[in-house]
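Novice: Provided herewith is a single structure, encoded as structure tokens, for subsequent inquiry.
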2 protein chains.
Amino acid sequence: MNTSDSLSPTARTTLTRLRERAGVDRRELVDLLDSTYVCHLGVVMDGAPRVMPTAFAVDYDGPDRGGTLYLHGSVAARSLVAAVGVDVCVTVTQLDGLVLARSAFHHSMNYRSAVIHGCARRVDDLRERGKALDAMVDHIVPDRSSQLRSNTRKELAATVVLALPLYEASVKSRSGPPQDDEADIEAGGVWAGVVSVQTTVGPATIADDVNDQIQAPSNVDAVLTR
Amino acid sequence: MNTSDSLSPTARTTLTRLRERAGVDRRELVDLLDSTYVCHLGVVMDGAPRVMPTAFAVDYDGPDRGGTLYLHGSVAARSLVAAVGVDVCVTVTQLDGLVLARSAFHHSMNYRSAVIHGCARRVDDLRERGKALDAMVDHIVPDRSSQLRSNTRKELAATVVLALPLYEASVKSRSGPPQDDEADIEAGGVWAGVVSVQTTVGPATIADDVNDQIQAPSNVDAVLTR
């Protein structure tokens with residue numbers, strides 16, 4: 001229940017403080033975004049918040065302030081369309097460990113998370129749309145887009161692409177052992193420590209309908225956890 | 001980019017339909033909540049959405065309609081306090097695989113996610129607070145709370161506990177191989193399949209300040225992935 005290091009919100013107003021260590025945070029932000037497959041997008045619909053898991057991609061040299069985070073989905077996805085032109089929040093989280101302390105209060109989690117606030121822009125420019133959609137695929141497997149046919153006009157028409165500036169972002173993390181009260185440490189008798197948590201990727205299973213039993217290409221092979 | 005099975009929102013309005021298969025969903029909901037450590041809580045603050053990762057616990061026989069999901073944090077956590085008495089959204093997601101199709105459009109993810117909407121209630125009743133805080137710890141490691149001292153009055157005063165009914169919940173998932181267009185399957189030449197993704201737990205590392213080098217208890221040992 002420890003709250004100083006628990007998984008809890010970064011108040012939007014504290015970003016001013018965090019911007020002072022933007023150099024540090026930027027590296028952490030990039031590392032976290034590059035190594036995570038799914039984000040949680042928050043939008044307000046009918047006055048209530050809605051949080052949905054979705055894929056994302058990043059272009060650190062994108063046209064938005066601080067670089068661009070891309071989201072995409074069906075033109076029929078109400079909550080994605082509702083995000084256009086309004087404030088949204090994208091949160092990316094990696095859980096690294098379960099922190100088991102001597103007291104319930106000091107139980108915690110080791111994690112890294114990024115919270116990105118901004119106004120979502122619908123990407124209409126054809127060239128940027130194409131680049132963004134390639135980036136979505138390449139975020140899953142680097143260079144995957146180069147191994148695929150081009151998107152058809154019909155596919156493009158069915159898809160909405162959103163862009164979010166990476167500018168207003170904050171990174172928060174906890175690592176290390178439990179921070180117990182001195183009295184609890186002295187009392188002894190309770191096991192305390194960290195149980196690590198990892199996301200492991202692989203194995204890769206070829207689809208049954210691949211006629212030629214080709215080997216997984218090296219870029220697919222490279223994403224597997226060794 | 002396929003949107004029929006992509007990680008995208010369950011429209012709140014479609015819950016009526018999903019309630020018709022509540023029997024099925026309920027089992028899926030319970031399995032997902034029981035096997036996940038972190039949820040994403042969405043609240044509206046100053047008109048904008050905010051999404052934060054946080055720990056949670058469940059009491060399926062809790063006092064709220066459909067059972068209770070518990071959240072907790074510091075009384076100083078602005079966004080947690082802002083959630084009291086208003087509509088919030090809690091989303092839980094497990095990523096199971098990367099779905100690599102022949103076309104960018106049919107790339108997808110295998111996943112299970114639950115979205116829970118409701119009005120958050122602050123838990124003031126001392127007995128329910130105690131039970132909820134035990135459940136938070138026991139959600140990480142079953143029976144952990146029985147191995148710890150009681151919470152102090154000071155610890156309890158520093159902590160806010162929120163309850164959310166599990167009633168308005170929906171579960172969404174995708175599994176299985178890519179669903180490619182017939183023309184792309186016939187054209188061949190592209191590796192397609194699923195790269196599995198798992199959350200693995202362990203090893204457990206004892207804290208340096210544990211004087212007596214006691215073995216991890218069996219309940220800690222039991223959460224490790226074998």
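Each chain in the structure tokens gets a letter, A, B and so on, in the order shown; residues start at 1 in every chain, and ligands are counted from 1 in the order they appear.
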Which of region 5-221 of chain B counts as strand (DSSP E) under DSSP, as a PyMOL selection string please?
Specialist: chain B and resi 38-45+48-55+57-59+68-74+87-100+108-119+121-122+159-165+169-174+193-206
Novice: Once you count only C-alpha atoms, which residues of chain A turn out to be within 7 Å of chain B? Could you give them as a ChimeraX atom specification?
Specialist: /A:1,3,7-9,42-44,48-55,73-74,79,87-91,93,102-105,137,145,148-149,151,155,177,185,191-207,210,214,216
Novice: Which of these, A:Arg65, A:Asp34, A:Asp46, A:Arg122, has the shortest distance to Tyr167 (chain A) once you count only C-alpha atoms?
Specialist: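 Of all the options, A:Arg65 lies closest to Tyr167 (chain A).
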Novice: Please identify all polymer residues within 6 Å of region 161-166 of chain A, counting only C-alpha atoms, omitting same-chain residues fewer than 4 positions from it, and present them as a list in words.
Specialist: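 Using only C-alpha atoms, the neighbours found are Asp64, Arg65, Gly66, Gly67, Thr68, Leu69, Tyr70, Leu71, His72, Ala120, Arg121, Arg122 and Val123 of chain A.
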Novice: Pull N, CA and C atoms from the residues just selected and write them as an mmCIF file, in the first residue's frame.
Specialist:
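Result file is out.cif:
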data_model
loop_
_atom_site.group_PDB
_atom_site.id
_atom_site.type_symbol
_atom_site.label_atom_id
_atom_site.label_comp_id
_atom_site.auth_asym_id
_atom_site.auth_seq_id
_atom_site.Cartn_x
_atom_site.Cartn_y
_atom_site.Cartn_z
ATOM 1 N N ASP A 64 4.773 16.185 -34.985
ATOM 2 C CA ASP A 64 4.218 16.815 -33.787
ATOM 3 C C ASP A 64 5.317 17.195 -32.795
ATOM 4 N N ARG A 65 4.970 18.121 -31.926
ATOM 5 C CA ARG A 65 5.937 18.606 -30.953
ATOM 6 C C ARG A 65 6.457 17.440 -30.104
ATOM 7 N N GLY A 66 7.748 17.265 -30.093
ATOM 8 C CA GLY A 66 8.348 16.186 -29.313
ATOM 9 C C GLY A 66 8.334 14.844 -30.013
ATOM 10 N N GLY A 67 7.838 14.824 -31.259
ATOM 11 C CA GLY A 67 7.688 13.552 -31.969
ATOM 12 C C GLY A 67 6.238 13.104 -31.919
ATOM 13 N N THR A 68 5.947 11.991 -32.592
ATOM 14 C CA THR A 68 4.553 11.588 -32.770
ATOM 15 C C THR A 68 4.311 10.155 -32.319
ATOM 16 N N LEU A 69 3.236 9.963 -31.581
ATOM 17 C CA LEU A 69 2.738 8.625 -31.272
ATOM 18 C C LEU A 69 1.516 8.387 -32.141
ATOM 19 N N TYR A 70 1.498 7.240 -32.839
ATOM 20 C CA TYR A 70 0.376 6.922 -33.733
ATOM 21 C C TYR A 70 -0.510 5.823 -33.154
ATOM 22 N N LEU A 71 -1.803 5.998 -33.379
ATOM 23 C CA LEU A 71 -2.803 4.982 -33.055
ATOM 24 C C LEU A 71 -3.620 4.744 -34.309
ATOM 25 N N HIS A 72 -4.268 3.608 -34.412
ATOM 26 C CA HIS A 72 -5.111 3.391 -35.581
ATOM 27 C C HIS A 72 -6.254 2.447 -35.242
ATOM 28 N N ALA A 120 -5.511 14.761 -29.861
ATOM 29 C CA ALA A 120 -5.311 13.805 -30.947
ATOM 30 C C ALA A 120 -5.672 14.440 -32.294
ATOM 31 N N ARG A 121 -4.780 14.254 -33.239
ATOM 32 C CA ARG A 121 -4.939 14.792 -34.583
ATOM 33 C C ARG A 121 -5.244 13.630 -35.532
ATOM 34 N N ARG A 122 -6.257 13.784 -36.385
ATOM 35 C CA ARG A 122 -6.508 12.744 -37.375
ATOM 36 C C ARG A 122 -5.536 12.938 -38.531
ATOM 37 N N VAL A 123 -4.881 11.889 -38.921
ATOM 38 C CA VAL A 123 -3.886 11.972 -39.991
ATOM 39 C C VAL A 123 -4.591 11.771 -41.327
#
Novice: In Å, how far is it from CA of Ser173 (chain A) to CA of Leu32 (chain B)?
Specialist: 24.6 Å
Novice: So what do you get for CA of Arg27 (chain A) versus CA of Val171 (chain A), distance-wise?
Specialist: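 So the two atoms, CA of Arg27 (chain A) and CA of Val171 (chain A), lie 9.8 Å apart.
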